[in-house]
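As stored in data.cif (mmCIF, C-alpha atoms and all ligand atoms):
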data_entry
loop_
_atom_site.label_atom_id
_atom_site.label_comp_id
_atom_site.auth_asym_id
_atom_site.auth_seq_id
_atom_site.Cartn_x
_atom_site.Cartn_y
_atom_site.Cartn_z
CA MET A 1 0.00 0.00 0.00
CA ILE A 2 2.72 2.49 1.04
CA ASP A 3 6.31 2.12 -0.14
CA VAL A 4 8.87 4.68 0.97
CA GLN A 5 12.54 4.25 0.07
CA GLN A 6 15.26 6.63 1.25
CA LEU A 7 12.94 9.58 1.57
CA ARG A 8 14.68 12.91 2.04
CA LYS A 9 13.11 16.32 2.49
CA ILE A 10 14.88 19.56 3.18
CA TYR A 11 13.51 23.01 3.91
CA ARG A 12 15.40 26.11 2.96
CA VAL A 13 15.01 28.60 5.77
CA ARG A 14 15.85 32.26 5.34
CA SER A 15 17.83 33.54 8.31
CA GLY A 16 16.97 36.74 10.13
CA GLY A 17 19.11 39.02 12.32
CA VAL A 18 22.80 39.37 11.47
CA LEU A 19 22.64 36.51 8.97
CA ARG A 20 19.69 38.12 7.22
CA GLY A 21 19.39 37.16 3.58
CA GLN A 22 21.29 33.89 3.94
CA THR A 23 19.58 30.55 3.54
CA ARG A 24 20.05 27.65 5.86
CA VAL A 25 19.21 24.08 4.90
CA MET A 26 17.04 22.22 7.38
CA GLU A 27 17.01 18.46 6.77
CA ALA A 28 13.60 17.47 8.11
CA VAL A 29 13.59 13.88 6.83
CA LYS A 30 16.97 12.28 6.16
CA ASP A 31 16.85 8.75 4.84
CA VAL A 32 13.58 7.16 5.78
CA SER A 33 12.44 3.83 4.35
CA PHE A 34 9.39 1.77 5.28
CA THR A 35 6.50 -0.12 3.78
CA VAL A 36 2.94 -0.43 5.03
CA GLN A 37 0.74 -3.32 3.93
CA ALA A 38 -2.95 -2.91 3.12
CA GLY A 39 -5.09 -3.31 6.23
CA GLU A 40 -2.36 -2.39 8.74
CA VAL A 41 -2.70 0.24 11.46
CA VAL A 42 0.71 1.79 12.07
CA GLY A 43 1.52 4.33 14.77
CA TYR A 44 4.00 6.98 13.61
CA LEU A 45 5.64 8.49 16.65
CA GLY A 46 8.30 11.01 17.42
CA PRO A 47 8.91 14.13 19.51
CA ASN A 48 8.01 17.62 18.25
CA GLY A 49 9.88 18.54 15.12
CA ALA A 50 10.95 14.93 14.42
CA GLY A 51 9.71 14.85 10.82
CA LYS A 52 6.32 13.15 11.10
CA SER A 53 4.21 15.86 9.43
CA THR A 54 6.80 16.27 6.70
CA THR A 55 6.58 12.55 5.92
CA ILE A 56 2.76 12.67 5.92
CA LYS A 57 2.76 15.75 3.67
CA VAL A 58 4.92 13.87 1.16
CA LEU A 59 2.66 10.81 1.38
CA THR A 60 -0.45 12.91 0.78
CA GLY A 61 1.19 14.66 -2.19
CA LEU A 62 1.33 18.10 -0.55
CA LEU A 63 5.12 18.21 -0.62
CA VAL A 64 7.59 17.05 -3.24
CA PRO A 65 10.57 15.28 -1.62
CA ASP A 66 14.22 16.08 -2.36
CA GLY A 67 15.18 12.44 -2.66
CA GLY A 68 13.91 8.90 -2.51
CA VAL A 69 11.14 6.88 -4.06
CA VAL A 70 7.59 7.04 -2.73
CA THR A 71 4.52 5.22 -3.99
CA VAL A 72 1.12 4.89 -2.38
CA GLY A 73 -1.16 2.29 -3.92
CA GLY A 74 1.18 2.29 -6.92
CA LEU A 75 0.87 6.07 -7.46
CA VAL A 76 3.48 8.75 -6.92
CA PRO A 77 1.51 11.08 -4.63
CA TRP A 78 2.68 14.50 -5.88
CA ARG A 79 2.64 13.50 -9.55
CA GLU A 80 -0.78 11.86 -9.69
CA ARG A 81 -2.32 13.97 -6.98
CA ARG A 82 -5.91 13.87 -8.22
CA ARG A 83 -6.16 10.10 -8.48
CA HIS A 84 -4.18 9.79 -5.28
CA VAL A 85 -6.40 12.00 -3.10
CA ALA A 86 -9.49 10.21 -4.40
CA ARG A 87 -8.18 7.11 -2.63
CA LEU A 88 -7.16 8.61 0.66
CA GLY A 89 -8.74 10.27 3.64
CA ALA A 90 -7.00 12.54 6.10
CA VAL A 91 -7.96 13.94 9.47
CA PHE A 92 -5.83 16.56 11.14
CA GLY A 93 -6.75 17.09 14.77
CA GLN A 94 -5.67 20.71 14.67
CA ARG A 95 -7.77 21.83 11.72
CA THR A 96 -10.97 20.92 9.96
CA THR A 97 -11.85 20.06 6.37
CA LEU A 98 -15.43 21.18 7.01
CA TRP A 99 -16.73 24.54 5.80
CA TRP A 100 -16.76 26.73 8.87
CA ASP A 101 -20.14 28.40 8.32
CA LEU A 102 -22.02 25.52 6.73
CA PRO A 103 -24.11 22.97 8.60
CA VAL A 104 -22.19 19.66 8.79
CA ARG A 105 -24.74 18.00 6.50
CA ASP A 106 -24.06 20.58 3.75
CA SER A 107 -20.28 20.22 4.11
CA LEU A 108 -20.61 16.47 3.68
CA ASP A 109 -22.85 16.99 0.68
CA LEU A 110 -20.30 19.32 -0.91
CA LEU A 111 -17.58 16.73 -0.35
CA ARG A 112 -19.80 14.20 -2.09
CA HIS A 113 -19.54 16.37 -5.20
CA VAL A 114 -15.82 17.01 -4.79
CA TYR A 115 -15.15 13.26 -4.60
CA ARG A 116 -17.94 12.33 -7.01
CA VAL A 117 -19.43 9.80 -4.62
CA PRO A 118 -22.45 8.09 -6.20
CA ALA A 119 -25.71 9.23 -4.50
CA GLY A 120 -26.64 5.74 -3.23
CA ARG A 121 -23.19 5.13 -1.78
CA PHE A 122 -23.22 8.55 -0.14
CA ARG A 123 -26.59 7.87 1.50
CA GLU A 124 -25.40 4.50 2.79
CA ASN A 125 -22.13 5.86 4.15
CA LEU A 126 -23.77 8.89 5.71
CA ALA A 127 -26.35 6.67 7.45
CA ARG A 128 -23.61 4.34 8.70
CA PHE A 129 -21.34 7.11 9.97
CA THR A 130 -24.26 8.97 11.50
CA GLU A 131 -25.02 5.89 13.54
CA LEU A 132 -21.45 4.89 14.41
CA LEU A 133 -20.30 8.42 15.25
CA GLU A 134 -23.65 9.65 16.59
CA LEU A 135 -23.71 12.63 14.25
CA GLU A 136 -27.48 13.12 14.20
CA PRO A 137 -27.73 15.76 16.97
CA PHE A 138 -25.39 18.16 15.15
CA LEU A 139 -25.78 17.47 11.41
CA GLY A 140 -27.60 20.80 11.15
CA THR A 141 -24.97 22.74 13.13
CA PRO A 142 -22.22 24.79 11.41
CA ALA A 143 -18.67 23.56 12.06
CA ARG A 144 -17.78 26.75 13.92
CA SER A 145 -20.36 25.95 16.63
CA LEU A 146 -19.31 22.33 17.20
CA SER A 147 -17.44 21.13 20.26
CA LEU A 148 -13.99 19.73 19.51
CA GLY A 149 -15.23 16.14 19.95
CA GLN A 150 -18.19 16.72 17.61
CA ARG A 151 -15.94 18.36 15.05
CA MET A 152 -13.54 15.43 15.10
CA ARG A 153 -16.41 13.00 14.54
CA ALA A 154 -17.74 15.07 11.64
CA ASP A 155 -14.21 15.29 10.19
CA LEU A 156 -13.81 11.54 10.38
CA ALA A 157 -17.08 11.07 8.50
CA ALA A 158 -15.93 13.65 5.93
CA ALA A 159 -12.62 11.84 5.45
CA LEU A 160 -14.25 8.46 4.84
CA LEU A 161 -17.32 9.37 2.76
CA HIS A 162 -15.60 8.41 -0.49
CA ASP A 163 -14.48 4.98 0.81
CA PRO A 164 -10.73 5.63 0.78
CA ALA A 165 -8.44 2.64 1.19
CA LEU A 166 -5.98 4.65 3.27
CA LEU A 167 -6.55 7.01 6.17
CA PHE A 168 -4.02 9.45 7.61
CA LEU A 169 -4.82 10.45 11.15
CA ASP A 170 -2.82 13.26 12.68
CA GLU A 171 -3.48 13.74 16.39
CA PRO A 172 -7.09 12.56 16.11
CA THR A 173 -7.80 12.70 19.85
CA VAL A 174 -5.87 15.82 20.87
CA GLY A 175 -7.80 17.91 23.38
CA LEU A 176 -10.67 15.43 23.73
CA ASP A 177 -12.10 14.05 26.95
CA VAL A 178 -11.86 10.33 27.75
CA VAL A 179 -15.31 9.46 26.41
CA ALA A 180 -14.76 11.34 23.14
CA ARG A 181 -11.34 9.75 22.71
CA GLU A 182 -12.74 6.31 23.18
CA ARG A 183 -15.48 6.95 20.64
CA ILE A 184 -12.92 8.01 18.03
CA ARG A 185 -10.68 5.03 18.76
CA ALA A 186 -13.60 2.59 18.53
CA PHE A 187 -14.63 4.09 15.20
CA VAL A 188 -11.12 3.85 13.73
CA GLU A 189 -10.88 0.27 14.95
CA HIS A 190 -14.22 -0.45 13.28
CA VAL A 191 -13.33 0.96 9.85
CA ASN A 192 -10.01 -0.85 9.90
CA ARG A 193 -11.53 -4.18 10.91
CA GLU A 194 -14.75 -4.06 8.91
CA GLN A 195 -13.60 -2.24 5.79
CA GLY A 196 -9.90 -3.05 5.83
CA VAL A 197 -8.95 0.65 5.74
CA THR A 198 -5.18 1.07 6.19
CA VAL A 199 -4.38 3.63 8.87
CA LEU A 200 -1.25 5.68 9.48
CA LEU A 201 -1.66 7.28 12.86
CA THR A 202 0.47 10.18 14.08
CA THR A 203 -0.07 10.98 17.71
CA HIS A 204 1.53 12.00 20.97
CA ASP A 205 -1.18 10.10 22.83
CA LEU A 206 0.28 6.66 23.34
CA MET A 207 -3.08 5.31 24.46
CA ASP A 208 -4.23 5.79 20.85
CA VAL A 209 -1.31 3.70 19.71
CA GLN A 210 -1.76 1.03 22.35
CA ARG A 211 -5.39 0.69 21.51
CA LEU A 212 -5.13 0.72 17.72
CA ALA A 213 -1.70 -0.20 16.42
CA ARG A 214 0.33 -3.35 16.71
CA ARG A 215 3.20 -1.80 14.81
CA VAL A 216 4.97 1.48 15.50
CA MET A 217 7.57 3.54 13.71
CA ILE A 218 9.56 6.06 15.71
CA ILE A 219 11.29 8.96 14.03
CA ASP A 220 13.59 11.54 15.58
CA HIS A 221 15.71 14.24 13.92
CA GLY A 222 14.46 12.99 10.55
CA THR A 223 15.76 9.45 11.06
CA LEU A 224 13.72 6.34 11.66
CA LEU A 225 14.78 4.90 15.00
CA TYR A 226 12.45 1.95 15.25
CA ASP A 227 10.04 0.06 13.06
CA GLY A 228 8.46 -3.02 14.53
CA ALA A 229 5.94 -4.52 16.88
CA LEU A 230 4.75 -2.41 19.77
CA ALA A 231 4.97 -5.42 22.08
CA ALA A 232 8.62 -6.03 21.13
CA LEU A 233 9.43 -2.38 21.79
CA GLN A 234 7.93 -2.68 25.25
CA GLN A 235 9.78 -5.89 25.94
CA ARG A 236 13.11 -4.61 24.70
CA TYR A 237 13.11 -1.05 25.95
CA GLY A 238 10.41 -0.95 28.61
CA GLY A 239 11.24 -1.26 32.28
CA ALA A 240 10.54 -4.41 34.25
CA ARG A 241 7.08 -5.66 35.15
CA GLU A 242 6.25 -5.02 38.79
CA LEU A 243 4.35 -6.82 41.46
CA LEU A 244 2.64 -4.59 43.99
CA VAL A 245 1.95 -6.62 47.11
CA ASP A 246 -0.06 -5.75 50.21
CA PHE A 247 0.90 -8.26 52.87
CA GLU A 248 -1.45 -8.90 55.79
CA THR A 249 1.18 -7.36 58.07
CA ALA A 250 4.53 -5.70 57.38
CA PRO A 251 6.95 -8.59 56.70
CA THR A 252 10.01 -8.77 58.93
CA CYS A 253 12.11 -9.45 55.86
CA PRO A 254 10.52 -8.23 52.60
CA ASP A 255 13.19 -9.88 50.41
CA VAL A 256 11.85 -12.74 48.33
CA PRO A 257 14.35 -14.98 46.50
CA GLY A 258 14.31 -14.45 42.73
CA LEU A 259 12.51 -11.08 42.89
CA ASP A 260 14.08 -7.64 42.91
CA LEU A 261 12.87 -5.56 45.79
CA VAL A 262 12.02 -2.08 44.50
CA HIS A 263 10.42 -0.45 47.51
CA ALA A 264 9.03 -1.51 50.87
CA GLU A 265 6.89 0.61 53.14
CA GLY A 266 5.02 -1.10 55.93
CA ALA A 267 2.91 -3.94 54.56
CA ARG A 268 3.15 -2.65 50.97
CA VAL A 269 6.07 -3.96 48.94
CA ARG A 270 6.95 -3.50 45.28
CA TYR A 271 9.01 -6.08 43.40
CA ALA A 272 10.38 -6.09 39.86
CA PHE A 273 10.47 -9.23 37.75
CA SER A 274 10.62 -10.35 34.15
CA GLY A 275 8.74 -13.05 32.28
CA PRO A 276 5.42 -14.63 33.33
CA ALA A 277 3.91 -13.50 36.63
CA ALA A 278 2.81 -16.94 37.92
CA GLY A 279 6.20 -17.90 39.48
CA PRO A 280 6.81 -14.59 41.28
CA ILE A 281 3.20 -14.57 42.57
CA ALA A 282 3.61 -18.11 43.96
CA ARG A 283 6.88 -17.13 45.65
CA VAL A 284 5.41 -14.00 47.21
CA THR A 285 2.30 -15.77 48.50
CA ALA A 286 4.48 -18.54 49.98
CA HIS A 287 6.65 -15.91 51.68
CA ALA A 288 3.96 -14.37 53.90
CA PRO A 289 0.14 -14.04 53.97
CA VAL A 290 -0.98 -11.65 51.20
CA ARG A 291 -4.07 -9.41 51.34
CA ASP A 292 -3.90 -7.96 47.83
CA LEU A 293 -1.64 -8.16 44.79
CA THR A 294 -1.43 -6.49 41.39
CA VAL A 295 0.84 -6.94 38.39
CA GLN A 296 1.85 -3.60 36.87
CA GLU A 297 3.06 -3.44 33.30
CA PRO A 298 5.78 -0.93 32.38
CA ASP A 299 3.95 1.96 30.80
CA LEU A 300 4.50 2.91 27.20
CA ASP A 301 4.91 6.62 27.96
CA THR A 302 7.99 5.86 30.06
CA THR A 303 9.43 3.55 27.41
CA ILE A 304 9.00 6.08 24.62
CA ARG A 305 10.28 8.96 26.75
CA ARG A 306 13.43 6.96 27.50
CA ILE A 307 13.90 6.32 23.79
CA TYR A 308 13.55 10.03 22.96
CA GLU A 309 15.76 11.19 25.82
CA GLU A 310 18.45 8.56 25.68
CA GLY A 311 18.25 7.73 21.97
CA LEU A 312 18.31 4.08 23.02
CA LEU A 313 17.65 2.85 19.53
CA ARG A 314 20.46 4.75 17.93
CA VAL A 315 23.12 2.58 19.53
N1 LIG A 401 7.69 24.86 6.17
C1 LIG A 401 8.80 24.67 6.86
N2 LIG A 401 9.88 25.46 6.71
C2 LIG A 401 11.00 25.27 7.40
N3 LIG A 401 11.18 24.28 8.30
C3 LIG A 401 10.14 23.45 8.53
C4 LIG A 401 8.90 23.60 7.82
N4 LIG A 401 8.05 22.62 8.24
C5 LIG A 401 8.74 21.91 9.16
N5 LIG A 401 9.98 22.40 9.33
C6 LIG A 401 11.01 21.88 10.24
O1 LIG A 401 11.27 20.53 9.89
C7 LIG A 401 11.43 19.72 11.05
C8 LIG A 401 10.39 18.59 11.05
O2 LIG A 401 9.09 19.17 11.21
P1 LIG A 401 7.75 18.32 11.20
O3 LIG A 401 6.63 19.31 11.19
O4 LIG A 401 7.82 17.33 10.11
O5 LIG A 401 7.84 17.60 12.62
P2 LIG A 401 6.74 16.76 13.42
O6 LIG A 401 7.41 15.48 13.81
O7 LIG A 401 5.50 16.66 12.65
O8 LIG A 401 6.53 17.64 14.72
P3 LIG A 401 5.21 17.91 15.64
O9 LIG A 401 5.02 16.69 16.48
O10 LIG A 401 5.67 19.09 16.45
O11 LIG A 401 4.08 18.21 14.72
C9 LIG A 401 11.31 20.65 12.24
O12 LIG A 401 12.59 21.03 12.64
C10 LIG A 401 10.55 21.84 11.68
O13 LIG A 401 10.91 23.03 12.36
#
Would you put the structure from the file into structure tokens?
Ligand SMILES: Nc1ncnc2c1ncn2[C@@H]1O[C@H](COP(=O)(O)OP(=O)(O)OP(=O)(O)O)[C@@H](O)[C@H]1O
Amino acid sequence: MIDVQQLRKIYRVRSGGVLRGQTRVMEAVKDVSFTVQAGEVVGYLGPNGAGKSTTIKVLTGLLVPDGGVVTVGGLVPWRERRRHVARLGAVFGQRTTLWWDLPVRDSLDLLRHVYRVPAGRFRENLARFTELLELEPFLGTPARSLSLGQRMRADLAAALLHDPALLFLDEPTVGLDVVARERIRAFVEHVNREQGVTVLLTTHDLMDVQRLARRVMIIDHGTLLYDGALAALQQRYGGARELLVDFETAPTCPDVPGLDLVHAEGARVRYAFSGPAAGPIARVTAHAPVRDLTVQEPDLDTTIRRIYEEGLLRV
């Protein structure tokens, strides 16, 4: 579906101040290669300024790269832009594709004409999205009066009305409350599973990634640092799993053979371990009477932050 080989994009930036008039070359994407198969959901992660948007702009045909070979569904995005955009949908959390002053229903109808969606197909899709995204209460409301969550739902419908095979999502849940976020995630999961829509998801919200993507790509300073399974990333770069134990009474000796003691305070003790939890749990419960026990997984935020800060993948 997506094939990117040695993508390179530079920006020429005019300097101000003393260096006024001179141009500086900013290499936003250096030598990025990846492929995405049809039906995949891939999380594209990286800190601010890493090169994510630049990559997406090349993939959508908005920018022409300075090097490399890029095809999406067999088309070169910036050369065959018209055919290309007819096959893709894009949602940018920070801005809307809806007409600001038009009721949502009219915006969607205009997009039907732009994308030449047959009337029957449009009706079917609109009915389906209205139900899945609960659009009904605000179909008559202009985009400018929508809440952020409503606007995102309307934008998702707008992006998918023409049955694109590929969906670019850029920060689709930014600024939304937990319920709204969950609704968006469930919808994306649905269109991927039921319609096989391929999704490239750019986000700083790792819950989006955990929920939707099995594969992640991490970019920093224009270079791809990681491309692989999310689970493997966790296993390789995440911290240890932990066992949080509340003993009936504070143990005289909290050390348990085979477990790393992380912290002990009164009856509550935290141990680190790796591998399956069954063995460590058996050892802890044999050590002293236990009132409560939870296994805590290393969280993805910490793993990714360590990768950004320490550049773990570069070594
Ligand atoms: N139009 C432009 N002109 C000059 N430099 C740019 C331009 N657009 C982006 N850049 C620079 O290119 C680099 C990559 O930017 P890009 O927007 O691709 O990052 P990003 O990973 O999407 O970041 P964010 O998470 O903040 O959106 C940054 O250093 C940015 O300042």
Practice item. Excluding region 171-187 of chain A and residues on its chain fewer than 6 positions from it, collect all residues at most 12 Å away from it, counting all atoms listed in the file, and give them as number ranges by chain. Key: A: 41, 43-45, 52-53, 90-96, 128-135, 147-157, 160, 193-195, 197, 199-213
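When only C-alpha atoms and all ligand atoms are used to measure the gap to ligand LIG 401 (chain A), the shortest distance among A:Gln22, A:Thr35, A:Asn192, A:Thr223 belongs to A:Thr223.
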Test item: residues at most 12 Å from Thr285 (chain A), all atoms listed in the file, excluding those fewer than 3 positions along its chain, as a PDB file with C-alpha atoms, in the frame of the given file:
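That gives us selection-v7.pdb:
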ATOM      1  CA  LEU A 243       4.350  -6.820  41.460  1.00  0.00           C
ATOM      2  CA  VAL A 245       1.950  -6.620  47.110  1.00  0.00           C
ATOM      3  CA  ASP A 246      -0.060  -5.750  50.210  1.00  0.00           C
ATOM      4  CA  PHE A 247       0.900  -8.260  52.870  1.00  0.00           C
ATOM      5  CA  GLU A 248      -1.450  -8.900  55.790  1.00  0.00           C
ATOM      6  CA  PRO A 251       6.950  -8.590  56.700  1.00  0.00           C
ATOM      7  CA  PRO A 254      10.520  -8.230  52.600  1.00  0.00           C
ATOM      8  CA  VAL A 256      11.850 -12.740  48.330  1.00  0.00           C
ATOM      9  CA  ALA A 278       2.810 -16.940  37.920  1.00  0.00           C
ATOM     10  CA  GLY A 279       6.200 -17.900  39.480  1.00  0.00           C
ATOM     11  CA  PRO A 280       6.810 -14.590  41.280  1.00  0.00           C
ATOM     12  CA  ILE A 281       3.200 -14.570  42.570  1.00  0.00           C
ATOM     13  CA  ALA A 282       3.610 -18.110  43.960  1.00  0.00           C
ATOM     14  CA  ALA A 288       3.960 -14.370  53.900  1.00  0.00           C
ATOM     15  CA  PRO A 289       0.140 -14.040  53.970  1.00  0.00           C
ATOM     16  CA  VAL A 290      -0.980 -11.650  51.200  1.00  0.00           C
ATOM     17  CA  ARG A 291      -4.070  -9.410  51.340  1.00  0.00           C
ATOM     18  CA  ASP A 292      -3.900  -7.960  47.830  1.00  0.00           C
ATOM     19  CA  LEU A 293      -1.640  -8.160  44.790  1.00  0.00           C
TER      20      LEU A 293
END
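The space separating CA of Leu166 (chain A) from CA of Pro77 (chain A) comes to 12.6 Å.
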Exercise for review: May I have the residues within 7 Å of ligand LIG 401 (chain A), computed using only C-alpha atoms and all ligand atoms, as a list of chain:residue names?
Suggested key: A:Tyr11, A:Arg12, A:Val13, A:Met26, A:Glu27, A:Ala28, A:Gly46, A:Pro47, A:Asn48, A:Gly49, A:Ala50, A:Gly51, A:Lys52, A:Ser53, A:Thr54, A:Thr55, A:Gly222
With C-alpha atoms retained, could you export that selection as an mmCIF file, keeping the file's coordinate frame?
data_model
loop_
_atom_site.group_PDB
_atom_site.id
_atom_site.type_symbol
_atom_site.label_atom_id
_atom_site.label_comp_id
_atom_site.auth_asym_id
_atom_site.auth_seq_id
_atom_site.Cartn_x
_atom_site.Cartn_y
_atom_site.Cartn_z
ATOM 1 C CA TYR A 11 13.510 23.010 3.910
ATOM 2 C CA ARG A 12 15.400 26.110 2.960
ATOM 3 C CA VAL A 13 15.010 28.600 5.770
ATOM 4 C CA MET A 26 17.040 22.220 7.380
ATOM 5 C CA GLU A 27 17.010 18.460 6.770
ATOM 6 C CA ALA A 28 13.600 17.470 8.110
ATOM 7 C CA GLY A 46 8.300 11.010 17.420
ATOM 8 C CA PRO A 47 8.910 14.130 19.510
ATOM 9 C CA ASN A 48 8.010 17.620 18.250
ATOM 10 C CA GLY A 49 9.880 18.540 15.120
ATOM 11 C CA ALA A 50 10.950 14.930 14.420
ATOM 12 C CA GLY A 51 9.710 14.850 10.820
ATOM 13 C CA LYS A 52 6.320 13.150 11.100
ATOM 14 C CA SER A 53 4.210 15.860 9.430
ATOM 15 C CA THR A 54 6.800 16.270 6.700
ATOM 16 C CA THR A 55 6.580 12.550 5.920
ATOM 17 C CA GLY A 222 14.460 12.990 10.550
#
Point to revise | Between CA of Leu108 (chain A) and CA of Ala158 (chain A) - distance in Å to one decimal | key: 5.9 Å
Mind filling out region 185-198 of chain A with N, CA and C atoms and sending it as a short mmCIF file (atom, residue, chain, number, x, y, z; two decimals), in the frame of the given file?
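Writing the result to rebuild_39.cif gives the following:
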data_model
loop_
_atom_site.label_atom_id
_atom_site.label_comp_id
_atom_site.auth_asym_id
_atom_site.auth_seq_id
_atom_site.Cartn_x
_atom_site.Cartn_y
_atom_site.Cartn_z
N ARG A 185 -11.51 6.24 18.89
CA ARG A 185 -10.68 5.03 18.76
C ARG A 185 -11.54 3.85 18.30
N ALA A 186 -12.73 3.72 18.89
CA ALA A 186 -13.60 2.59 18.53
C ALA A 186 -14.00 2.69 17.06
N PHE A 187 -14.23 3.90 16.59
CA PHE A 187 -14.63 4.09 15.20
C PHE A 187 -13.47 3.71 14.25
N VAL A 188 -12.28 4.16 14.58
CA VAL A 188 -11.12 3.85 13.73
C VAL A 188 -10.90 2.33 13.71
N GLU A 189 -11.03 1.73 14.86
CA GLU A 189 -10.88 0.27 14.95
C GLU A 189 -11.92 -0.42 14.05
N HIS A 190 -13.12 0.12 14.07
CA HIS A 190 -14.22 -0.45 13.28
C HIS A 190 -13.93 -0.36 11.77
N VAL A 191 -13.55 0.83 11.30
CA VAL A 191 -13.33 0.96 9.85
C VAL A 191 -12.12 0.15 9.39
N ASN A 192 -11.16 -0.02 10.28
CA ASN A 192 -10.01 -0.85 9.90
C ASN A 192 -10.44 -2.33 9.84
N ARG A 193 -11.17 -2.77 10.83
CA ARG A 193 -11.53 -4.18 10.91
C ARG A 193 -12.59 -4.55 9.88
N GLU A 194 -13.62 -3.70 9.77
CA GLU A 194 -14.75 -4.06 8.91
C GLU A 194 -14.51 -3.72 7.44
N GLN A 195 -13.78 -2.64 7.19
CA GLN A 195 -13.60 -2.24 5.79
C GLN A 195 -12.16 -2.41 5.31
N GLY A 196 -11.30 -2.82 6.21
CA GLY A 196 -9.90 -3.05 5.83
C GLY A 196 -9.15 -1.76 5.50
N VAL A 197 -9.63 -0.62 6.01
CA VAL A 197 -8.95 0.65 5.74
C VAL A 197 -7.57 0.65 6.42
N THR A 198 -6.55 0.98 5.66
CA THR A 198 -5.18 1.07 6.19
C THR A 198 -5.05 2.41 6.92
#
